Each structure stands twice: as C-alpha cells, then as structure tokens.
Number of protein chains: 4
Amino acid sequence: MFITIDEKDRRPIYLQVVDEIKTLIARGELREGTQLPPVRQVAANLGVNLNTIATAYRELQEEGLISIKHGAGAVVTRSRANTINSDDELRRPLRGALTQFVLAGLSSKEILEIVAEELKQLVKGAN
Amino acid sequence: MFITIDEKDRRPIYLQVVDEIKTLIARGELREGTQLPPVRQVAANLGVNLNTIATAYRELQEEGLISIKHGAGAVVTRSRANTINSDDELRRPLRGALTQFVLAGLSSKEILEIVAEELKQLVKGAN
Amino acid sequence: MFITIDEKDRRPIYLQVVDEIKTLIARGELREGTQLPPVRQVAANLGVNLNTIATAYRELQEEGLISIKHGAGAVVTRSRANTINSDDELRRPLRGALTQFVLAGLSSKEILEIVAEELKQLVKGAN
Amino acid sequence: MFITIDEKDRRPIYLQVVDEIKTLIARGELREGTQLPPVRQVAANLGVNLNTIATAYRELQEEGLISIKHGAGAVVTRSRANTINSDDELRRPLRGALTQFVLAGLSSKEILEIVAEELKQLVKGAN
DNA sequence: GTGGTCTAGACCACG
DNA sequence: GTGGTCTAGACCACC
C-alpha cells in the first residue's frame, strides 16, 4: 500500500494520510475486509510520529470507513458508501475546486475534460 | 457584495472568506478594478474579528487577485488567468472532492452531471 | 448459556463478556455452583481469541464471582452479595448512565420509569 | 468550574473530564452559551498535559455538546439535547450499572431509591 | 505484537 | 492568548 506525504502541502499530515487512504478505498485498491498496515509500520515508512498515523486511523474510523480493533489492527469496512453527508457537504469542496480552475482561466469545456480524466483515474480498476 | 460564513464549516473563517471572494471573482460579479469593501465593514457585517478579514485580504493579495493600498482600500486586479497555481495544486482539491462523491456511491456519469451543473452555475453571467 | 458481543460497542470484548456473565448471575440464570463453559468453547462460539475469554474469567475471579480451578474449569461461587465494591465505585457508572438520559432531554419521571422497567427485566426469574 | 480527576479510576483521564463536563451540563451548571475555560488553564489546574484536555474538548465537540472555535475558545452549545443516541445505546450502560447493584445484593426497592436520589442530585437546580 | 493513552515541550494557525 | 498539530518516547490494555 503506497502512501506519500507532501512537505509542501499545507494540510496537516494526518489529514493527508486520511485523504490518501480514502482515495485508495474509492479506487477499490483497498477493499472491504482488507487489513490496514499497523500504525507503527506506516509511521516508520513515512518517517512521522506514531500518533500522527493513529490520529488518521481514528478519523477514518469515525467516518465509518475502517474498523479499529484494539490489539487486532484496523480493517476496511466499506468500499463504497451510502451513509454519508448531506448533499451540500459534498458539493461545497467541489465548488471550491472548480472555482480555482475558472480563476485560472480555463473554459468550462477544458475543466470538464480534466474532471473526466481525474474521475477515470479514480475509478480505474474499481468494481 | 454578499459574503456568508458557515458555523458548521470546519475550515477557518478567513479561508471561507477567501473562497467566497474567489468565487465572486470567478463568476464575474467582482470585476477588475472593483473596489472591495473596507476590512472593518466586512468584519462588522459578519460579526467576526477585524484581523480575520485582514488575513483573508492579505491571502488574496498574495495570490495576486487583489491589490491592497495603504489607506486606499483593496481593488480587484484580475478577473481570470492565474499565475502561481501549479497543475497539481489545482488538481489535488478536485481529486479530494471527486473522491467523496465516489465514496458516496455515485457513478461517474452522475458525478459528471453534478460537476456540469455546478460549473454552469459558476460561470453564469461571467464574461 | 447465551453470550453475544457487539461489534459496535466500543468497550473491549473481554469487558463485554464480563458484563454479560455478571448479568446472567444477577438475573439468577447462573446460580452458585453452576459450571461455566470452558474458555476454549466460549472463544470458539464467539469467534474471538482464547486469551480474551481467559481475561474475562480472570476478571470475574478477581471480583469473587467465580472460582477457576486449574484443569477443572470455572464455577459460579456467588449469586448475590458483593464484597469489594465501594459505594462510590457502584454509583459512578450509574451517575454516568443517568447523565446521558438527562442530556437526552428526558424528565426525571420518564427516566425513573425506564429504570424500573430495566430493573424488572433484570431480576425477572431471579431467586 | 470544578473538575476533579480520580487517580484510582481506571478510565482514561480525558474520559473522566468528558464525563465531568457532561454532568455539569446535565445539571445545568454549564448553560448554553457559557464559555469553557481555556485548555491550558484546565490542564494546569488538574496537573495534566494540555493534550489530554484538548482530547476531552474534541470529544465533547464531536458529541455536539460544545463548539470549539480556533483561537476563540470553546462554548457550550447545548444544555439539554435531543439529537442523541439510539435508545439501546442509552440503555446498555444503565443496565450494566443496575446489574452491579443487583449483584451487590440490594433489593429493587433499595436500588430505585438510590437512583431517585442520584437523579435528584443530578437535576438539582436545573431548569 | 497490536492499538490506546499520556507526557513535555515545540511550533504554527487563528481571532 | 486561543486552539491545532506534531514529536519522541514511555507505559498500559488488548488479542
């Protein structure tokens, strides 16, 4: 399982890890029932503190994506969900992201092509 | 100029303000040369600290979207076309937003429709 | 003897087992002198680690509710009347439970009715 | 605002703090809109680490009882709630607490008296 | 061996 | 001055 963190990214590391794992689940690379690597192992791989990864795992558990069992590791509990958020909670970040592209001067057509491309990348090889 | 902040939104207030103004610029509601309202006025309207709005304006200036002149207020300096955003800096938030939709169980087709809809909303009435 | 564990329950499994057995004793379904099923059998039934059940039994022994004899299994040694629990140790969890009901907006009268109901359920068929 | 932690209590400190504050809210001693003391101040008072209290506050926020604003402290957002848990999530701890009393040999009548007493203590002076 | 909690202390972000 | 994040490392609880 490949996770990378970006020094230049201003988001906290634990959130980067959360998002990376979310993406892996969304892409189907981490399926329901898959065991996640131990907190300590991920921390060592990324060269960050144990607690940072523990925080990320906890967040994923709170969102219902994984299940952590004390002493028995963490397991993916959902590959594609249905319990989530209000529509608006989903759309706000999308609107923000699209705004950036508009500001960059891209046309709607160009933006839609980029979205399609990213989306294809995201669901590649998924069920 | 209507700006609103969302209590439930976990992002810092100043970033919410930044994004709202960006959206207004992207939509063409704030055009090049337009004077932004004084920091104090915006702060009073939203009921937030003066520094919060000042930080937002500073951020917008650093991104090159507005120009702040001491004693003369802030002016929009660009309506479109960005300079700094690397391709990846632009795409990362998009990827994050799309991931949430995929996790929510929506099909690529459905997601693209939502994106098209949001995009239409965003450029409506723009130049 | 029916024991179940709840995946969603955040308490450790061994404590869930302890509490279930305590309830069975309190309800009189497990009487003094009754042989408890072997650790291995319970573990197999619940699909959990052997040590988890062993820990539960050990805890029950420390509280004086059962007696574990090497090679001879575990036996219930008491149906009622405790020794260790200080008054405060007993009341703290009660207070916590009641707090939740108050926070949920229930009136004292409603809460007392629920308590009476649960209590009736608990001692039903006991000696 | 008086909070105390109990060395002998086996629950983690941050949970003790959470429960104490919940009780204060349930009793009406902390009302909606009340500002909570700064994390650092509580930590200093109790002689524990800053992070321990921060974790407690975060937990309270996740349960919707308080609202934390970065740089602006924490505020109680609910005095008596209605959004909470499933009925079973509420009753399970109650059942556990009552079981202990039954095991201690108390009669239903005695237990009900204790519950009434605790409840009276809990809502004393509340609206 | 796994995750959970806590500490002491640093540095950053926010209002 | 407020809370947020992170580190390094200890010790405990659980399976």
# chains A, B, ... in the order shown; residues from 1 in each chain; ligands from 1
>>> interface_residues(of="chain F", to="chain C", cutoff="12 Å", atoms="only C-alpha atoms (C1' of nucleotides)", output="list of chain:residue names")
F:DA13, F:DC14, F:DC15
>>> residues_around(residues="Arg31 in chain A", least_positions_apart="3", cutoff="9 Å", atoms="only C-alpha atoms (C1' of nucleotides)", output="short mmCIF file (atom, residue, chain, number, x, y, z; two decimals) with C-alpha atoms, in the first residue's frame")
data_model
loop_
_atom_site.label_atom_id
_atom_site.label_comp_id
_atom_site.auth_asym_id
_atom_site.auth_seq_id
_atom_site.Cartn_x
_atom_site.Cartn_y
_atom_site.Cartn_z
CA LEU A 24 -7.32 4.10 -2.17
CA ILE A 25 -10.71 2.93 -0.91
CA ALA A 26 -12.56 4.95 -3.54
CA GLY A 28 -11.07 -0.01 -4.97
CA THR A 34 -8.64 -5.67 3.87
CA VAL A 76 -11.55 -1.59 5.86
CA THR A 77 -15.29 -1.78 6.45
CA ARG A 78 -16.60 -0.08 3.37
CA SER A 79 -15.61 0.07 -0.23
#
>>> calpha_fit_and_write(fixed="chain C", moving="chain D", output="PDB file with C-alpha atoms, in the first residue's frame")
ATOM      1  CA  MET D   1     -25.697 -19.953  28.118  1.00  0.00           C
ATOM      2  CA  PHE D   2     -26.107 -17.137  25.650  1.00  0.00           C
ATOM      3  CA  ILE D   3     -23.387 -14.566  25.343  1.00  0.00           C
ATOM      4  CA  THR D   4     -23.158 -12.120  22.494  1.00  0.00           C
ATOM      5  CA  ILE D   5     -20.620  -9.501  21.620  1.00  0.00           C
ATOM      6  CA  ASP D   6     -21.313  -6.271  19.844  1.00  0.00           C
ATOM      7  CA  GLU D   7     -18.906  -5.181  17.123  1.00  0.00           C
ATOM      8  CA  LYS D   8     -19.993  -1.591  17.423  1.00  0.00           C
ATOM      9  CA  ASP D   9     -19.467  -1.509  21.148  1.00  0.00           C
ATOM     10  CA  ARG D  10     -16.220   0.296  21.786  1.00  0.00           C
ATOM     11  CA  ARG D  11     -15.463  -1.549  24.981  1.00  0.00           C
ATOM     12  CA  PRO D  12     -12.911  -4.354  24.709  1.00  0.00           C
ATOM     13  CA  ILE D  13     -14.437  -7.740  24.005  1.00  0.00           C
ATOM     14  CA  TYR D  14     -13.228  -9.296  27.240  1.00  0.00           C
ATOM     15  CA  LEU D  15     -15.063  -6.593  29.202  1.00  0.00           C
ATOM     16  CA  GLN D  16     -18.244  -7.175  27.237  1.00  0.00           C
ATOM     17  CA  VAL D  17     -18.006 -10.842  28.148  1.00  0.00           C
ATOM     18  CA  VAL D  18     -17.396  -9.960  31.801  1.00  0.00           C
ATOM     19  CA  ASP D  19     -20.459  -7.740  31.856  1.00  0.00           C
ATOM     20  CA  GLU D  20     -22.669 -10.282  30.111  1.00  0.00           C
ATOM     21  CA  ILE D  21     -21.751 -12.952  32.631  1.00  0.00           C
ATOM     22  CA  LYS D  22     -22.248 -10.520  35.497  1.00  0.00           C
ATOM     23  CA  THR D  23     -25.717  -9.804  34.192  1.00  0.00           C
ATOM     24  CA  LEU D  24     -26.472 -13.522  33.925  1.00  0.00           C
ATOM     25  CA  ILE D  25     -25.401 -13.964  37.527  1.00  0.00           C
ATOM     26  CA  ALA D  26     -27.355 -10.919  38.643  1.00  0.00           C
ATOM     27  CA  ARG D  27     -30.466 -12.242  36.875  1.00  0.00           C
ATOM     28  CA  GLY D  28     -30.039 -15.550  38.600  1.00  0.00           C
ATOM     29  CA  GLU D  29     -29.644 -17.449  35.338  1.00  0.00           C
ATOM     30  CA  LEU D  30     -26.235 -18.521  36.525  1.00  0.00           C
ATOM     31  CA  ARG D  31     -26.442 -19.716  40.077  1.00  0.00           C
ATOM     32  CA  GLU D  32     -23.846 -20.516  42.673  1.00  0.00           C
ATOM     33  CA  GLY D  33     -22.150 -23.804  41.857  1.00  0.00           C
ATOM     34  CA  THR D  34     -22.953 -23.696  38.157  1.00  0.00           C
ATOM     35  CA  GLN D  35     -20.122 -24.774  35.912  1.00  0.00           C
ATOM     36  CA  LEU D  36     -19.158 -22.218  33.276  1.00  0.00           C
ATOM     37  CA  PRO D  37     -18.453 -23.508  29.753  1.00  0.00           C
ATOM     38  CA  PRO D  38     -14.761 -24.087  28.914  1.00  0.00           C
ATOM     39  CA  VAL D  39     -12.764 -21.102  27.748  1.00  0.00           C
ATOM     40  CA  ARG D  40     -12.143 -22.701  24.382  1.00  0.00           C
ATOM     41  CA  GLN D  41     -15.793 -23.417  23.780  1.00  0.00           C
ATOM     42  CA  VAL D  42     -16.902 -19.868  24.501  1.00  0.00           C
ATOM     43  CA  ALA D  43     -14.076 -18.556  22.349  1.00  0.00           C
ATOM     44  CA  ALA D  44     -15.120 -20.785  19.458  1.00  0.00           C
ATOM     45  CA  ASN D  45     -18.777 -19.799  19.807  1.00  0.00           C
ATOM     46  CA  LEU D  46     -18.022 -16.104  19.725  1.00  0.00           C
ATOM     47  CA  GLY D  47     -15.322 -16.447  17.103  1.00  0.00           C
ATOM     48  CA  VAL D  48     -12.706 -14.774  19.258  1.00  0.00           C
ATOM     49  CA  ASN D  49      -9.386 -15.817  20.597  1.00  0.00           C
ATOM     50  CA  LEU D  50      -9.029 -18.187  23.520  1.00  0.00           C
ATOM     51  CA  ASN D  51      -6.985 -15.641  25.453  1.00  0.00           C
ATOM     52  CA  THR D  52      -9.712 -13.037  25.231  1.00  0.00           C
ATOM     53  CA  ILE D  53     -12.122 -15.277  27.112  1.00  0.00           C
ATOM     54  CA  ALA D  54      -9.421 -16.407  29.508  1.00  0.00           C
ATOM     55  CA  THR D  55      -8.863 -12.755  30.389  1.00  0.00           C
ATOM     56  CA  ALA D  56     -12.579 -12.293  31.025  1.00  0.00           C
ATOM     57  CA  TYR D  57     -12.733 -15.346  33.291  1.00  0.00           C
ATOM     58  CA  ARG D  58      -9.653 -14.149  35.177  1.00  0.00           C
ATOM     59  CA  GLU D  59     -11.274 -10.766  35.750  1.00  0.00           C
ATOM     60  CA  LEU D  60     -14.438 -12.421  37.066  1.00  0.00           C
ATOM     61  CA  GLN D  61     -12.334 -14.524  39.389  1.00  0.00           C
ATOM     62  CA  GLU D  62     -10.523 -11.466  40.699  1.00  0.00           C
ATOM     63  CA  GLU D  63     -13.861  -9.870  41.472  1.00  0.00           C
ATOM     64  CA  GLY D  64     -14.792 -12.999  43.379  1.00  0.00           C
ATOM     65  CA  LEU D  65     -17.725 -13.999  41.199  1.00  0.00           C
ATOM     66  CA  ILE D  66     -16.291 -17.258  39.914  1.00  0.00           C
ATOM     67  CA  SER D  67     -13.634 -19.718  40.976  1.00  0.00           C
ATOM     68  CA  ILE D  68     -11.264 -21.113  38.376  1.00  0.00           C
ATOM     69  CA  LYS D  69      -9.594 -24.411  39.114  1.00  0.00           C
ATOM     70  CA  HIS D  70      -6.714 -25.335  36.909  1.00  0.00           C
ATOM     71  CA  GLY D  71      -7.732 -28.290  34.828  1.00  0.00           C
ATOM     72  CA  ALA D  72     -11.178 -28.437  36.325  1.00  0.00           C
ATOM     73  CA  GLY D  73     -13.020 -25.528  34.802  1.00  0.00           C
ATOM     74  CA  ALA D  74     -14.696 -22.477  36.297  1.00  0.00           C
ATOM     75  CA  VAL D  75     -17.575 -22.389  38.744  1.00  0.00           C
ATOM     76  CA  VAL D  76     -19.886 -19.580  39.842  1.00  0.00           C
ATOM     77  CA  THR D  77     -19.201 -18.828  43.486  1.00  0.00           C
ATOM     78  CA  ARG D  78     -21.693 -16.108  44.150  1.00  0.00           C
ATOM     79  CA  SER D  79     -25.228 -15.391  43.055  1.00  0.00           C
ATOM     80  CA  ARG D  80     -25.758 -12.186  44.952  1.00  0.00           C
ATOM     81  CA  ALA D  81     -22.852 -10.641  46.710  1.00  0.00           C
ATOM     82  CA  ASN D  82     -22.004  -8.602  49.716  1.00  0.00           C
ATOM     83  CA  THR D  83     -18.277  -8.164  49.575  1.00  0.00           C
ATOM     84  CA  ILE D  84     -18.289  -5.471  46.946  1.00  0.00           C
ATOM     85  CA  ASN D  85     -17.225  -2.017  46.433  1.00  0.00           C
ATOM     86  CA  SER D  86     -17.449   1.273  48.160  1.00  0.00           C
ATOM     87  CA  ASP D  87     -20.745   3.010  47.774  1.00  0.00           C
ATOM     88  CA  ASP D  88     -19.156   5.609  45.546  1.00  0.00           C
ATOM     89  CA  GLU D  89     -17.653   3.017  43.237  1.00  0.00           C
ATOM     90  CA  LEU D  90     -21.177   1.761  42.712  1.00  0.00           C
ATOM     91  CA  ARG D  91     -22.813   5.157  42.293  1.00  0.00           C
ATOM     92  CA  ARG D  92     -20.420   6.785  39.881  1.00  0.00           C
ATOM     93  CA  PRO D  93     -21.384   4.666  36.863  1.00  0.00           C
ATOM     94  CA  LEU D  94     -25.035   5.105  37.777  1.00  0.00           C
ATOM     95  CA  ARG D  95     -24.629   8.857  37.827  1.00  0.00           C
ATOM     96  CA  GLY D  96     -22.948   8.713  34.414  1.00  0.00           C
ATOM     97  CA  ALA D  97     -25.744   6.639  32.941  1.00  0.00           C
ATOM     98  CA  LEU D  98     -28.445   8.886  34.357  1.00  0.00           C
ATOM     99  CA  THR D  99     -26.659  11.953  33.054  1.00  0.00           C
ATOM    100  CA  GLN D 100     -27.011  10.649  29.525  1.00  0.00           C
ATOM    101  CA  PHE D 101     -30.754  10.324  29.921  1.00  0.00           C
ATOM    102  CA  VAL D 102     -31.080  13.812  31.352  1.00  0.00           C
ATOM    103  CA  LEU D 103     -29.037  15.159  28.453  1.00  0.00           C
ATOM    104  CA  ALA D 104     -31.303  13.357  26.055  1.00  0.00           C
ATOM    105  CA  GLY D 105     -34.075  15.544  27.362  1.00  0.00           C
ATOM    106  CA  LEU D 106     -36.027  12.963  29.311  1.00  0.00           C
ATOM    107  CA  SER D 107     -37.881  14.010  32.426  1.00  0.00           C
ATOM    108  CA  SER D 108     -37.139  12.505  35.815  1.00  0.00           C
ATOM    109  CA  LYS D 109     -40.392  10.644  35.664  1.00  0.00           C
ATOM    110  CA  GLU D 110     -39.601   9.113  32.304  1.00  0.00           C
ATOM    111  CA  ILE D 111     -36.132   8.119  33.444  1.00  0.00           C
ATOM    112  CA  LEU D 112     -37.437   6.464  36.582  1.00  0.00           C
ATOM    113  CA  GLU D 113     -39.840   4.456  34.475  1.00  0.00           C
ATOM    114  CA  ILE D 114     -37.031   3.247  32.260  1.00  0.00           C
ATOM    115  CA  VAL D 115     -34.935   2.326  35.276  1.00  0.00           C
ATOM    116  CA  ALA D 116     -37.827   0.413  36.808  1.00  0.00           C
ATOM    117  CA  GLU D 117     -38.330  -1.414  33.549  1.00  0.00           C
ATOM    118  CA  GLU D 118     -34.678  -2.366  33.203  1.00  0.00           C
ATOM    119  CA  LEU D 119     -34.527  -3.424  36.821  1.00  0.00           C
ATOM    120  CA  LYS D 120     -37.561  -5.616  36.422  1.00  0.00           C
ATOM    121  CA  GLN D 121     -35.929  -7.186  33.395  1.00  0.00           C
ATOM    122  CA  LEU D 122     -32.786  -7.745  35.404  1.00  0.00           C
ATOM    123  CA  VAL D 123     -34.233  -9.498  38.410  1.00  0.00           C
ATOM    124  CA  LYS D 124     -36.890 -11.345  36.490  1.00  0.00           C
ATOM    125  CA  GLY D 125     -36.996 -14.914  37.646  1.00  0.00           C
ATOM    126  CA  ALA D 126     -34.339 -14.397  40.277  1.00  0.00           C
ATOM    127  CA  ASN D 127     -34.739 -15.606  43.811  1.00  0.00           C
TER     128      ASN D 127
END
>>> select_by_dssp(residues="range 8-96 of chain A", states="strand (DSSP E or B)", output="PyMOL selection string")
chain A and resi 35+66-69+73-76
>>> write_last_selection(atoms="C-alpha atoms", output="compact mmCIF listing (two decimals), in the first residue's frame")
# COMPACT_ATOMS: atom_id res chain seq x y z
CA GLN A 35 -6.29 -5.32 6.82
CA ILE A 66 -12.46 1.42 8.77
CA SER A 67 -12.87 -0.51 11.99
CA ILE A 68 -10.11 -0.48 14.56
CA LYS A 69 -9.95 -3.34 17.00
CA GLY A 73 -5.37 -3.96 13.87
CA ALA A 74 -7.56 -1.97 11.52
CA VAL A 75 -9.81 -3.32 8.77
CA VAL A 76 -11.55 -1.59 5.86
>>> interface_residues(of="chain E", to="chain B", cutoff="10 Å", atoms="only C-alpha atoms (C1' of nucleotides)", output="list in words")
DA13, DC14 and DG15 of chain E
>>> select_by_dssp(residues="range 4-123 of chain B", states="alpha helix (DSSP H)", output="PyMOL selection string")
chain B and resi 13-26+39-46+50-62+87-103+108-123
>>> atom_distance(atom1="C1' of DG4 in chain E", atom2="C1' of DA10 in chain F")
12.7 Å
>>> atom_distance(atom1="C1' of DC12 in chain E", atom2="C1' of DT5 in chain F")
7.8 Å
